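Enquirer: Sharing my_file_7.txt here; it has compact mmCIF, C-alpha atoms and all ligand atoms.
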# COMPACT_ATOMS: atom_id res chain seq x y z
CA MET A 1 11.74 -19.53 -4.17
CA SER A 2 10.25 -22.89 -3.19
CA ALA A 3 12.34 -25.68 -4.68
CA LEU A 4 9.99 -28.13 -6.33
CA PRO A 5 11.25 -31.46 -7.61
CA PRO A 6 10.93 -32.21 -11.34
CA ALA A 7 8.04 -34.50 -12.18
CA GLY A 8 8.11 -37.47 -14.56
CA ARG A 9 6.89 -35.54 -17.57
CA LEU A 10 6.17 -36.73 -21.09
CA GLN A 11 8.71 -35.49 -23.62
CA TRP A 12 8.23 -33.97 -27.09
CA THR A 13 9.27 -37.31 -28.64
CA ASP A 14 6.45 -39.03 -26.69
CA VAL A 15 3.89 -36.97 -28.63
CA PRO A 16 2.46 -39.02 -31.55
CA ALA A 17 4.10 -38.12 -34.86
CA PRO A 18 0.85 -36.88 -36.50
CA LEU A 19 0.42 -34.21 -33.81
CA ARG A 20 4.08 -33.18 -33.99
CA THR A 21 3.76 -32.88 -37.78
CA ARG A 22 0.56 -30.86 -37.43
CA LEU A 23 2.14 -28.44 -34.97
CA GLU A 24 5.15 -27.94 -37.24
CA ALA A 25 2.75 -27.27 -40.13
CA VAL A 26 0.67 -24.64 -38.27
CA LEU A 27 3.74 -23.02 -36.73
CA GLU A 28 5.33 -23.02 -40.19
CA ALA A 29 8.75 -24.39 -39.24
CA PRO A 30 10.28 -27.61 -37.95
CA VAL A 31 10.93 -27.99 -34.23
CA THR A 32 14.69 -28.04 -33.61
CA ASP A 33 14.68 -28.14 -29.83
CA ALA A 34 12.23 -28.97 -27.04
CA VAL A 35 13.03 -28.13 -23.45
CA THR A 36 10.95 -29.47 -20.60
CA PRO A 37 11.13 -27.02 -17.71
CA ALA A 38 11.87 -28.25 -14.22
CA GLY A 39 9.18 -27.67 -11.64
CA GLY A 40 5.50 -28.41 -11.41
CA PHE A 41 3.85 -31.72 -10.68
CA GLY A 42 2.09 -32.68 -13.91
CA HIS A 43 2.86 -35.68 -16.11
CA GLN A 44 1.80 -34.23 -19.46
CA LEU A 45 4.04 -32.66 -22.09
CA ALA A 46 4.81 -29.07 -21.10
CA ALA A 47 7.70 -27.90 -23.22
CA ALA A 48 9.30 -24.83 -24.76
CA LEU A 49 9.70 -25.55 -28.48
CA THR A 50 12.33 -23.78 -30.57
CA LEU A 51 11.66 -23.68 -34.31
CA ALA A 52 14.20 -23.69 -37.12
CA ASP A 53 13.68 -19.92 -37.59
CA GLY A 54 14.42 -19.24 -33.91
CA ARG A 55 10.85 -18.52 -32.75
CA ARG A 56 9.74 -20.20 -29.55
CA PHE A 57 6.37 -21.45 -28.33
CA PHE A 58 5.20 -23.17 -25.18
CA VAL A 59 3.13 -26.31 -25.71
CA LYS A 60 1.07 -28.41 -23.31
CA ALA A 61 -0.18 -31.71 -24.72
CA ALA A 62 -1.73 -34.97 -23.53
CA PRO A 63 -3.98 -37.73 -24.86
CA THR A 64 -7.43 -36.23 -25.45
CA ASP A 65 -9.04 -38.57 -22.91
CA ASP A 66 -6.47 -37.65 -20.23
CA PRO A 67 -8.12 -35.36 -17.62
CA LEU A 68 -5.20 -32.96 -18.14
CA THR A 69 -6.51 -32.24 -21.65
CA ALA A 70 -9.72 -30.84 -20.17
CA ALA A 71 -7.55 -28.68 -17.90
CA ASN A 72 -5.43 -27.55 -20.87
CA LEU A 73 -8.53 -26.65 -22.88
CA HIS A 74 -9.84 -24.69 -19.92
CA GLU A 75 -6.51 -22.88 -19.71
CA GLY A 76 -6.70 -22.10 -23.43
CA ALA A 77 -10.20 -20.61 -23.03
CA VAL A 78 -9.04 -18.57 -20.05
CA LEU A 79 -5.97 -17.19 -21.85
CA ALA A 80 -8.19 -16.17 -24.76
CA SER A 81 -10.61 -14.29 -22.49
CA LEU A 82 -8.44 -12.51 -19.92
CA PRO A 83 -8.63 -8.71 -20.16
CA PRO A 84 -5.89 -6.82 -22.01
CA GLY A 85 -2.91 -6.20 -19.73
CA ALA A 86 -3.57 -9.26 -17.57
CA PRO A 87 -0.30 -10.87 -16.45
CA ALA A 88 -0.69 -13.92 -18.72
CA PRO A 89 0.79 -15.15 -22.02
CA ASP A 90 -1.38 -15.13 -25.17
CA LEU A 91 -3.07 -18.25 -26.51
CA VAL A 92 -1.58 -19.16 -29.91
CA GLY A 93 -3.81 -22.10 -30.86
CA ILE A 94 -5.36 -25.46 -30.00
CA HIS A 95 -4.68 -28.51 -32.17
CA HIS A 96 -5.83 -32.14 -32.25
CA ALA A 97 -4.32 -35.20 -33.97
CA ALA A 98 -3.95 -38.91 -33.25
CA ASP A 99 -6.30 -38.64 -30.25
CA TRP A 100 -4.04 -36.09 -28.61
CA THR A 101 -4.68 -32.39 -27.95
CA ALA A 102 -2.06 -29.64 -27.82
CA VAL A 103 -2.50 -26.11 -26.50
CA VAL A 104 0.08 -23.70 -27.92
CA ILE A 105 0.90 -20.63 -25.82
CA ALA A 106 3.20 -17.65 -26.36
CA HIS A 107 6.64 -18.39 -24.91
CA LEU A 108 7.89 -16.38 -21.96
CA ASP A 109 11.61 -16.03 -21.54
CA GLY A 110 13.10 -15.90 -18.10
CA PRO A 111 13.40 -17.63 -14.74
CA HIS A 112 10.75 -18.16 -12.11
CA PRO A 113 10.46 -15.07 -9.91
CA ASP A 114 12.52 -14.94 -6.76
CA LEU A 115 10.09 -14.81 -3.84
CA SER A 116 12.81 -14.18 -1.24
CA PRO A 117 12.84 -10.99 0.85
CA ASP A 118 15.91 -9.68 -1.06
CA SER A 119 14.06 -9.63 -4.38
CA SER A 120 11.80 -6.97 -5.87
CA ASP A 121 9.66 -9.72 -7.45
CA PRO A 122 7.24 -10.14 -4.50
CA GLY A 123 6.41 -6.42 -4.65
CA GLN A 124 5.67 -6.72 -8.34
CA ILE A 125 3.50 -9.80 -7.77
CA TRP A 126 1.44 -8.00 -5.07
CA SER A 127 0.90 -5.10 -7.50
CA LEU A 128 -0.21 -7.50 -10.23
CA LEU A 129 -2.65 -9.14 -7.82
CA ASP A 130 -4.05 -5.78 -6.79
CA LYS A 131 -4.61 -4.84 -10.44
CA LEU A 132 -6.07 -8.25 -11.31
CA THR A 133 -8.60 -8.27 -8.47
CA SER A 134 -9.51 -4.60 -8.06
CA SER A 135 -12.51 -4.81 -10.41
CA PRO A 136 -14.97 -7.56 -11.41
CA ALA A 137 -13.86 -10.08 -14.04
CA PRO A 138 -14.93 -9.05 -17.57
CA PRO A 139 -17.89 -10.96 -19.09
CA PRO A 140 -15.84 -13.04 -21.61
CA TYR A 141 -13.69 -14.36 -18.79
CA THR A 142 -16.70 -15.06 -16.56
CA ALA A 143 -18.29 -16.98 -19.45
CA ALA A 144 -15.08 -18.97 -20.06
CA VAL A 145 -14.92 -20.20 -16.47
CA ALA A 146 -18.69 -20.47 -15.90
CA THR A 147 -18.81 -24.26 -15.88
CA THR A 148 -15.62 -24.72 -13.86
CA PRO A 149 -16.22 -25.15 -10.15
CA SER A 150 -13.83 -23.26 -7.90
CA GLY A 151 -11.16 -25.62 -6.59
CA ALA A 152 -10.51 -23.27 -3.68
CA ALA A 153 -14.14 -23.25 -2.50
CA GLY A 154 -14.08 -26.94 -1.58
CA LEU A 155 -10.76 -26.96 0.29
CA HIS A 156 -10.89 -28.26 3.84
CA GLY A 157 -9.05 -30.64 6.13
CA TRP A 158 -9.27 -29.65 9.79
CA ALA A 159 -12.66 -31.30 10.39
CA VAL A 160 -11.24 -34.58 9.03
CA LEU A 161 -8.13 -34.30 11.21
CA LEU A 162 -10.28 -33.41 14.22
CA ALA A 163 -12.37 -36.56 13.73
CA ASN A 164 -9.26 -38.71 13.66
CA PRO A 165 -6.15 -36.79 14.80
CA PRO A 166 -2.95 -38.26 13.35
CA GLY A 167 -0.31 -39.30 15.89
CA ASP A 168 2.36 -37.06 14.36
CA LEU A 169 0.28 -33.87 14.66
CA ASP A 170 2.16 -31.08 16.41
CA PRO A 171 0.71 -30.65 19.96
CA GLY A 172 0.22 -26.92 19.33
CA VAL A 173 -1.88 -27.75 16.28
CA ARG A 174 -3.77 -30.53 18.04
CA HIS A 175 -4.69 -28.05 20.74
CA ARG A 176 -6.30 -25.74 18.14
CA LEU A 177 -8.07 -28.36 16.02
CA HIS A 178 -11.56 -27.32 17.16
CA GLU A 179 -10.93 -23.66 16.43
CA LEU A 180 -9.38 -24.44 13.02
CA ALA A 181 -12.25 -26.77 12.06
CA GLU A 182 -14.80 -24.10 13.01
CA LEU A 183 -12.93 -21.50 11.00
CA GLU A 184 -12.68 -23.59 7.85
CA ALA A 185 -16.39 -24.42 8.16
CA THR A 186 -17.14 -20.73 7.54
CA TRP A 187 -15.20 -20.73 4.25
CA PRO A 188 -17.70 -22.28 1.75
CA ALA A 189 -20.26 -19.53 2.43
CA LEU A 190 -17.57 -16.86 1.89
CA ALA A 191 -15.97 -18.46 -1.19
CA HIS A 192 -18.08 -16.71 -3.82
CA GLY A 193 -17.10 -13.62 -5.75
CA ASP A 194 -16.77 -12.01 -9.17
CA ARG A 195 -13.01 -11.48 -9.35
CA ILE A 196 -10.44 -13.25 -11.53
CA VAL A 197 -8.81 -16.08 -9.56
CA HIS A 198 -5.70 -17.77 -10.97
CA GLY A 199 -6.18 -20.57 -8.48
CA ASP A 200 -2.67 -22.05 -8.37
CA LEU A 201 -0.27 -19.21 -7.74
CA ARG A 202 3.22 -20.42 -6.85
CA ALA A 203 6.67 -19.35 -8.06
CA ASP A 204 6.75 -22.26 -10.51
CA ASN A 205 3.52 -20.98 -12.07
CA MET A 206 5.09 -17.61 -12.81
CA VAL A 207 7.86 -16.56 -15.18
CA ARG A 208 9.86 -13.32 -14.89
CA ASP A 209 9.89 -12.59 -18.61
CA HIS A 210 12.76 -10.41 -19.83
CA ASP A 211 10.36 -8.02 -21.57
CA ARG A 212 7.08 -8.29 -19.64
CA GLY A 213 8.30 -8.77 -16.09
CA VAL A 214 6.57 -11.26 -13.82
CA THR A 215 3.78 -13.06 -15.68
CA PHE A 216 1.46 -15.75 -14.33
CA VAL A 217 1.32 -19.09 -16.22
CA ASP A 218 -0.60 -22.36 -15.75
CA TRP A 219 -4.12 -20.89 -15.72
CA ALA A 220 -5.64 -24.40 -15.71
CA HIS A 221 -7.41 -23.79 -12.38
CA ALA A 222 -8.63 -20.29 -13.12
CA THR A 223 -12.11 -19.36 -11.97
CA THR A 224 -13.99 -16.48 -10.37
CA GLY A 225 -14.19 -15.91 -6.64
CA PRO A 226 -13.37 -13.47 -3.86
CA ALA A 227 -10.32 -11.26 -4.37
CA CYS A 228 -8.45 -12.87 -1.48
CA ILE A 229 -7.84 -16.34 -2.94
CA ASP A 230 -4.60 -15.77 -4.85
CA ALA A 231 -3.17 -13.37 -2.26
CA VAL A 232 -3.80 -15.83 0.59
CA SER A 233 -2.38 -18.73 -1.46
CA LEU A 234 0.76 -16.74 -2.06
CA ALA A 235 1.32 -16.00 1.63
CA PRO A 236 2.72 -19.45 2.60
CA GLN A 237 4.91 -19.45 -0.53
CA LEU A 238 6.55 -16.25 0.63
CA VAL A 239 7.20 -17.72 4.08
CA LEU A 240 8.78 -20.76 2.42
CA ALA A 241 10.98 -18.32 0.50
CA GLY A 242 12.29 -16.70 3.68
CA HIS A 243 9.82 -13.96 4.69
CA THR A 244 8.76 -13.98 8.33
CA PRO A 245 5.18 -15.11 8.97
CA LYS A 246 4.68 -11.86 10.88
CA ASP A 247 5.65 -9.71 7.89
CA ILE A 248 3.37 -11.69 5.60
CA ALA A 249 0.48 -11.51 8.08
CA ARG A 250 0.93 -7.71 8.14
CA LEU A 251 0.98 -7.65 4.35
CA LEU A 252 -2.32 -9.53 4.23
CA ASP A 253 -3.75 -7.00 6.69
CA GLU A 254 -2.83 -4.19 4.29
CA HIS A 255 -3.17 -5.58 0.75
CA PRO A 256 -6.46 -4.54 -0.93
CA ALA A 257 -7.25 -8.11 -2.05
CA THR A 258 -7.30 -9.34 1.54
CA ALA A 259 -7.88 -6.18 3.61
CA THR A 260 -11.28 -5.65 1.99
CA ASP A 261 -12.51 -9.03 3.23
CA PRO A 262 -10.59 -10.13 6.35
CA LEU A 263 -13.13 -12.79 7.36
CA ALA A 264 -12.94 -14.57 4.00
CA SER A 265 -9.14 -14.23 4.00
CA THR A 266 -8.77 -15.86 7.41
CA ALA A 267 -11.33 -18.56 6.63
CA PHE A 268 -9.59 -19.40 3.36
CA LEU A 269 -6.16 -19.54 4.99
CA ALA A 270 -7.63 -21.98 7.53
CA ALA A 271 -9.22 -24.10 4.77
CA LEU A 272 -6.02 -24.11 2.71
CA THR A 273 -3.75 -25.11 5.58
CA GLY A 274 -6.26 -27.78 6.64
CA HIS A 275 -6.26 -29.16 3.10
CA TRP A 276 -2.45 -29.29 3.06
CA HIS A 277 -2.19 -30.80 6.55
CA ARG A 278 -4.63 -33.53 5.60
CA ASN A 279 -3.30 -34.22 2.07
CA ALA A 280 0.35 -34.24 3.16
CA ARG A 281 -0.47 -37.41 5.10
CA LYS A 282 -1.97 -39.27 2.13
CA PRO A 283 0.08 -41.70 -0.03
CA ALA A 284 2.05 -39.98 -2.82
CA PRO A 285 0.18 -39.95 -6.14
CA PRO A 286 2.02 -41.50 -9.09
CA GLY A 287 4.26 -39.14 -11.06
CA ALA A 288 4.46 -36.47 -8.33
CA PRO A 289 7.30 -37.60 -6.05
CA GLY A 290 7.82 -34.40 -4.06
CA LEU A 291 4.20 -33.35 -3.61
CA ARG A 292 3.60 -34.62 -0.05
CA ALA A 293 6.84 -33.17 1.37
CA TYR A 294 5.97 -29.84 -0.26
CA GLN A 295 2.46 -29.94 1.27
CA HIS A 296 3.97 -30.54 4.72
CA ARG A 297 6.21 -27.47 4.35
CA ALA A 298 3.43 -25.32 2.89
CA ALA A 299 1.02 -26.39 5.64
CA ALA A 300 3.46 -25.33 8.37
CA ALA A 301 4.18 -22.01 6.64
CA GLY A 302 0.48 -21.24 6.17
CA LEU A 303 -0.31 -22.12 9.75
CA ALA A 304 2.41 -19.78 10.99
CA VAL A 305 0.76 -16.88 9.11
CA LEU A 306 -2.68 -17.92 10.34
CA GLY A 307 -1.35 -17.92 13.91
CA HIS A 308 -0.57 -14.19 13.59
CA ARG A 309 -4.03 -13.46 12.20
CA LEU A 310 -5.72 -15.28 15.08
CA ASN A 311 -3.60 -13.95 17.97
N1 LIG B 401 4.24 -19.63 -21.64
C1 LIG B 401 5.33 -20.15 -21.08
N2 LIG B 401 6.56 -19.84 -21.52
C2 LIG B 401 7.66 -20.36 -20.96
N3 LIG B 401 7.64 -21.23 -19.94
C3 LIG B 401 6.45 -21.58 -19.44
C4 LIG B 401 5.23 -21.07 -19.97
N4 LIG B 401 4.21 -21.60 -19.29
C5 LIG B 401 4.75 -22.40 -18.38
N5 LIG B 401 6.09 -22.39 -18.45
C6 LIG B 401 7.03 -23.19 -17.64
O1 LIG B 401 6.66 -24.56 -17.72
C7 LIG B 401 6.36 -25.09 -16.45
C8 LIG B 401 5.18 -26.03 -16.59
O2 LIG B 401 4.10 -25.33 -17.14
P1 LIG B 401 2.67 -25.40 -16.46
O3 LIG B 401 2.81 -25.06 -15.02
O4 LIG B 401 1.75 -24.56 -17.26
O5 LIG B 401 2.35 -26.93 -16.69
P2 LIG B 401 1.46 -27.94 -15.86
O6 LIG B 401 1.75 -29.29 -16.37
O7 LIG B 401 0.06 -27.47 -15.84
O8 LIG B 401 2.02 -27.70 -14.45
P3 LIG B 401 1.85 -28.38 -13.08
O9 LIG B 401 2.89 -29.40 -13.14
O10 LIG B 401 2.12 -27.23 -12.18
O11 LIG B 401 0.46 -28.92 -12.98
C9 LIG B 401 6.10 -23.89 -15.55
O12 LIG B 401 6.47 -24.18 -14.26
C10 LIG B 401 7.00 -22.84 -16.16
O13 LIG B 401 8.32 -23.01 -15.70
MG MG B 402 2.44 -25.47 -13.16
Go through the file and emit its structure as structure tokens.

Expert:
Amino acid sequence: MSALPPAGRLQWTDVPAPLRTRLEAVLEAPVTDAVTPAGGFGHQLAAALTLADGRRFFVKAAPTDDPLTAANLHEGAVLASLPPGAPAPDLVGIHHAADWTAVVIAHLDGPHPDLSPDSSDPGQIWSLLDKLTSSPAPPPYTAAVATTPSGAAGLHGWAVLLANPPGDLDPGVRHRLHELAELEATWPALAHGDRIVHGDLRADNMVRDHDRGVTFVDWAHATTGPACIDAVSLAPQLVLAGHTPKDIARLLDEHPATATDPLASTAFLAALTGHWHRNARKPAPPGAPGLRAYQHRAAAAGLAVLGHRLN
């Protein structure tokens, strides 16, 4: 599993009292414990609440004018519209008070999945992705994400690095900059599709629930697109967790989400690694201390898989 550093998150006690009171009223019991999970990069409240009667809920909350609230509302709409059986928790409710907005989600109980080669979790995740992408997204989901542009479609980086190659760029990468820039340039035209795309699939955006098994969380970036997006995004994560790039490249060759569209899969892997290579060199954004180091590692892992696809 990729070890992500904890971010400087807001705590339950940072939430204005009127919203805390409202949540306790709608959930029909006082909150006795609030645990902020480690992992992720956001600054908003994201906490597992335990109520006096023992029930638990997961809550994401931020000031209503914080851009994260728009993302949380999008996530709420997505959770409410995913097809039955989708690997996602249920939406419980959305509440506003004191110029803050909270999205309440069913609590999942368990650790993040183990992406290492010794674990059965990766196999389960590939099966979930196959099921999720094997047919077009249902109309309610498509409607829920209709106004949300695909984050993946705009990813790029190699053309920028080619125009001004950084001094610390690996010579092997520098040598291939033209090829990589050409490849990523093909991605925008291939980035359209009618499948469900989670859009941010990493181990810390999944929970291995004791009852449900591996379940995807953090649907804030969900959209529609080609089937390959989540599978390709997962590939570098698996390399970071100890799989060989060769094994993962073979898996992409065989998995239905990527095998059905090899050109889009390769183009997206190029765009994604270019995005990481470029962003890893930018100054760290506030509240996300480990992000750039993570992007450096992810970029190298993704490029290793891409190397097998191109050779
Ligand atoms: N429904 C849930 N039940 C239990 N734990 C959850 C649930 N949803 C998310 N988590 C845990 O909380 C963490 C943060 O949640 P989430 O990723 O949704 O928040 P975020 O602020 O959007 O994240 P990021 O920091 O990745 O942008 C997740 O990494 C996961 O460990
Ligand atoms: Mg997250």

Enquirer: Between A:Thr142, A:Asn72, A:Gln11, A:Thr133, which one has atoms that come closest to Leu49 (chain A), using only C-alpha atoms?

Expert: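 Using only C-alpha atoms, the shortest distance to Leu49 (chain A) belongs to A:Gln11.
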
Enquirer: Which one is closest to ligand LIG 401 (chain B): A:Thr223, A:Thr215, A:Thr258, A:Asn164? Count all atoms listed in the file.

Expert: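 For ligand LIG 401 (chain B), the nearest of the given residues is A:Thr215.
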
Enquirer: Would you please work out which residue, of A:Gly85, A:Pro226, A:Pro256, A:Gly157, is nearest to Leu190 (chain A) when using all atoms listed in the file?

Expert: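 The answer is A:Pro226, which sits nearest to Leu190 (chain A).
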
Enquirer: Tell me which of A:Asn205, A:Ser119, A:Asn311, A:Thr50 sits closest to ligand LIG 401 (chain B), counting all atoms listed in the file.

Expert: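 Using all atoms listed in the file, the shortest distance to ligand LIG 401 (chain B) belongs to A:Asn205.
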
Enquirer: Within 10 Å of ligand MG 402 (chain B), counting all atoms listed in the file: which residues, as a PyMOL selection string?

Expert: chain A and resi 37-42+46+200-206+216-220

Enquirer: Counting all atoms listed in the file, figure out which residue out of A:Ala52, A:Leu238, A:Ala301, A:Val59 gets nearest to ligand LIG 401 (chain B).

Expert: A:Val59

Enquirer: Take every atom of ligand LIG 401 (chain B) listed in the file, fit an axis-aligned box around them, add 8 Å per side, and give the centre and edge lengths in Å to one decimal as AutoDock Vina command-line options.

Expert:
--center_x 4.2 --center_y -24.5 --center_z -16.9 --size_x 24.3 --size_y 25.8 --size_z 25.5

Enquirer: Neighbours of Ala29 (chain A) within 10 Å (all atoms listed in the file; same-chain residues fewer than 6 positions away dropped), as number ranges by chain?

Expert: A: 21, 23, 50-55

Enquirer: With distances taken over all atoms listed in the file, which residue among A:Ile94, A:Gly167, A:Gln44, A:Gln237 lies nearest Ala288 (chain A)?

Expert: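 Of all the options, A:Gln44 lies closest to Ala288 (chain A).
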
Enquirer: Tell me, in Å to one decimal, how far CA of Leu310 (chain A) is from CA of His221 (chain A).

Expert: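 Between CA of Leu310 (chain A) and CA of His221 (chain A) the gap works out to 28.8 Å.
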
Enquirer: Fewer than 5 positions away in the same chain doesn't count, so skip those; otherwise give me all residues within 10 Å of Arg309 (chain A), counting all atoms listed in the file, as a list in words.

Expert: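 My list of contacting residues is Pro245, Lys246, Ala249, Arg250, Leu252, Asp253, Pro262, Ser265, Thr266, Leu269, Leu303 and Ala304 of chain A.
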
Enquirer: Rounded to one decimal in Å, what is the spacing between CA of Lys282 (chain A) and CA of Val160 (chain A)?

Expert: 12.5 Å

Enquirer: CA of His74 (chain A) to CA of Thr147 (chain A): how many Å, to one decimal?

Expert: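 Distance between the two atoms: 9.8 Å.
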
Enquirer: Go ahead and find all residues with at least one atom no further than 12 Å from (-11.3, -26.1, 14.4) in the file's coordinates, using all atoms listed in the file; report them as an MDAnalysis selection string.

Expert: chainID A and resid 156:163 165 173:186 267 270:271 273:274

Enquirer: Find the residues with any atom within 12 Å of (-14.9, -14.3, -0.5); use all atoms listed in the file and the coordinates as given in the file, and write the answer as number ranges by chain.

Expert: A: 133, 150, 152-153, 186-197, 224-232, 257-269

Enquirer: Quick one: everything within 9 Å of Leu10 (chain A), counting all atoms listed in the file, minus sequence neighbours fewer than 6 positions away in the same chain. Send it as a PyMOL selection string.

Expert: chain A and resi 36+43-46+61-62

Enquirer: Missing atoms in region 153-167 of chain A need filling: write out N, CA, C and O atoms for it as an mmCIF file, in the frame of the given file.

Expert:
data_model
loop_
_atom_site.group_PDB
_atom_site.id
_atom_site.type_symbol
_atom_site.label_atom_id
_atom_site.label_comp_id
_atom_site.auth_asym_id
_atom_site.auth_seq_id
_atom_site.Cartn_x
_atom_site.Cartn_y
_atom_site.Cartn_z
ATOM 1 N N ALA A 153 -12.928 -23.280 -3.337
ATOM 2 C CA ALA A 153 -14.140 -23.250 -2.500
ATOM 3 C C ALA A 153 -14.309 -24.538 -1.695
ATOM 4 O O ALA A 153 -14.841 -24.522 -0.587
ATOM 5 N N GLY A 154 -13.862 -25.657 -2.245
ATOM 6 C CA GLY A 154 -14.080 -26.940 -1.580
ATOM 7 C C GLY A 154 -12.943 -27.374 -0.666
ATOM 8 O O GLY A 154 -12.983 -28.477 -0.104
ATOM 9 N N LEU A 155 -11.916 -26.536 -0.521
ATOM 10 C CA LEU A 155 -10.760 -26.960 0.290
ATOM 11 C C LEU A 155 -11.140 -27.051 1.776
ATOM 12 O O LEU A 155 -11.832 -26.208 2.310
ATOM 13 N N HIS A 156 -10.677 -28.089 2.405
ATOM 14 C CA HIS A 156 -10.890 -28.260 3.840
ATOM 15 C C HIS A 156 -9.965 -29.369 4.327
ATOM 16 O O HIS A 156 -9.332 -30.057 3.519
ATOM 17 N N GLY A 157 -9.889 -29.561 5.599
ATOM 18 C CA GLY A 157 -9.050 -30.640 6.130
ATOM 19 C C GLY A 157 -9.112 -30.762 7.639
ATOM 20 O O GLY A 157 -9.001 -31.853 8.191
ATOM 21 N N TRP A 158 -9.330 -29.623 8.320
ATOM 22 C CA TRP A 158 -9.270 -29.650 9.790
ATOM 23 C C TRP A 158 -10.357 -30.518 10.400
ATOM 24 O O TRP A 158 -10.108 -31.216 11.390
ATOM 25 N N ALA A 159 -11.573 -30.494 9.810
ATOM 26 C CA ALA A 159 -12.660 -31.300 10.390
ATOM 27 C C ALA A 159 -12.296 -32.789 10.310
ATOM 28 O O ALA A 159 -12.576 -33.557 11.243
ATOM 29 N N VAL A 160 -11.651 -33.175 9.201
ATOM 30 C CA VAL A 160 -11.240 -34.580 9.030
ATOM 31 C C VAL A 160 -10.165 -34.940 10.049
ATOM 32 O O VAL A 160 -10.200 -36.001 10.682
ATOM 33 N N LEU A 161 -9.213 -34.033 10.243
ATOM 34 C CA LEU A 161 -8.130 -34.300 11.210
ATOM 35 C C LEU A 161 -8.675 -34.297 12.645
ATOM 36 O O LEU A 161 -8.202 -35.063 13.492
ATOM 37 N N LEU A 162 -9.677 -33.463 12.883
ATOM 38 C CA LEU A 162 -10.280 -33.410 14.220
ATOM 39 C C LEU A 162 -10.987 -34.742 14.537
ATOM 40 O O LEU A 162 -10.915 -35.251 15.658
ATOM 41 N N ALA A 163 -11.639 -35.301 13.534
ATOM 42 C CA ALA A 163 -12.370 -36.560 13.730
ATOM 43 C C ALA A 163 -11.425 -37.717 14.026
ATOM 44 O O ALA A 163 -11.796 -38.678 14.698
ATOM 45 N N ASN A 164 -10.202 -37.596 13.507
ATOM 46 C CA ASN A 164 -9.260 -38.710 13.660
ATOM 47 C C ASN A 164 -7.839 -38.150 13.686
ATOM 48 O O ASN A 164 -7.080 -38.300 12.724
ATOM 49 N N PRO A 165 -7.434 -37.514 14.795
ATOM 50 C CA PRO A 165 -6.150 -36.790 14.800
ATOM 51 C C PRO A 165 -4.954 -37.723 14.588
ATOM 52 O O PRO A 165 -4.815 -38.711 15.300
ATOM 53 N N PRO A 166 -4.115 -37.425 13.593
ATOM 54 C CA PRO A 166 -2.950 -38.260 13.350
ATOM 55 C C PRO A 166 -1.951 -38.166 14.503
ATOM 56 O O PRO A 166 -1.827 -37.099 15.132
ATOM 57 N N GLY A 167 -1.241 -39.254 14.770
ATOM 58 C CA GLY A 167 -0.310 -39.300 15.890
ATOM 59 C C GLY A 167 0.816 -38.298 15.781
ATOM 60 O O GLY A 167 1.337 -37.827 16.794
#
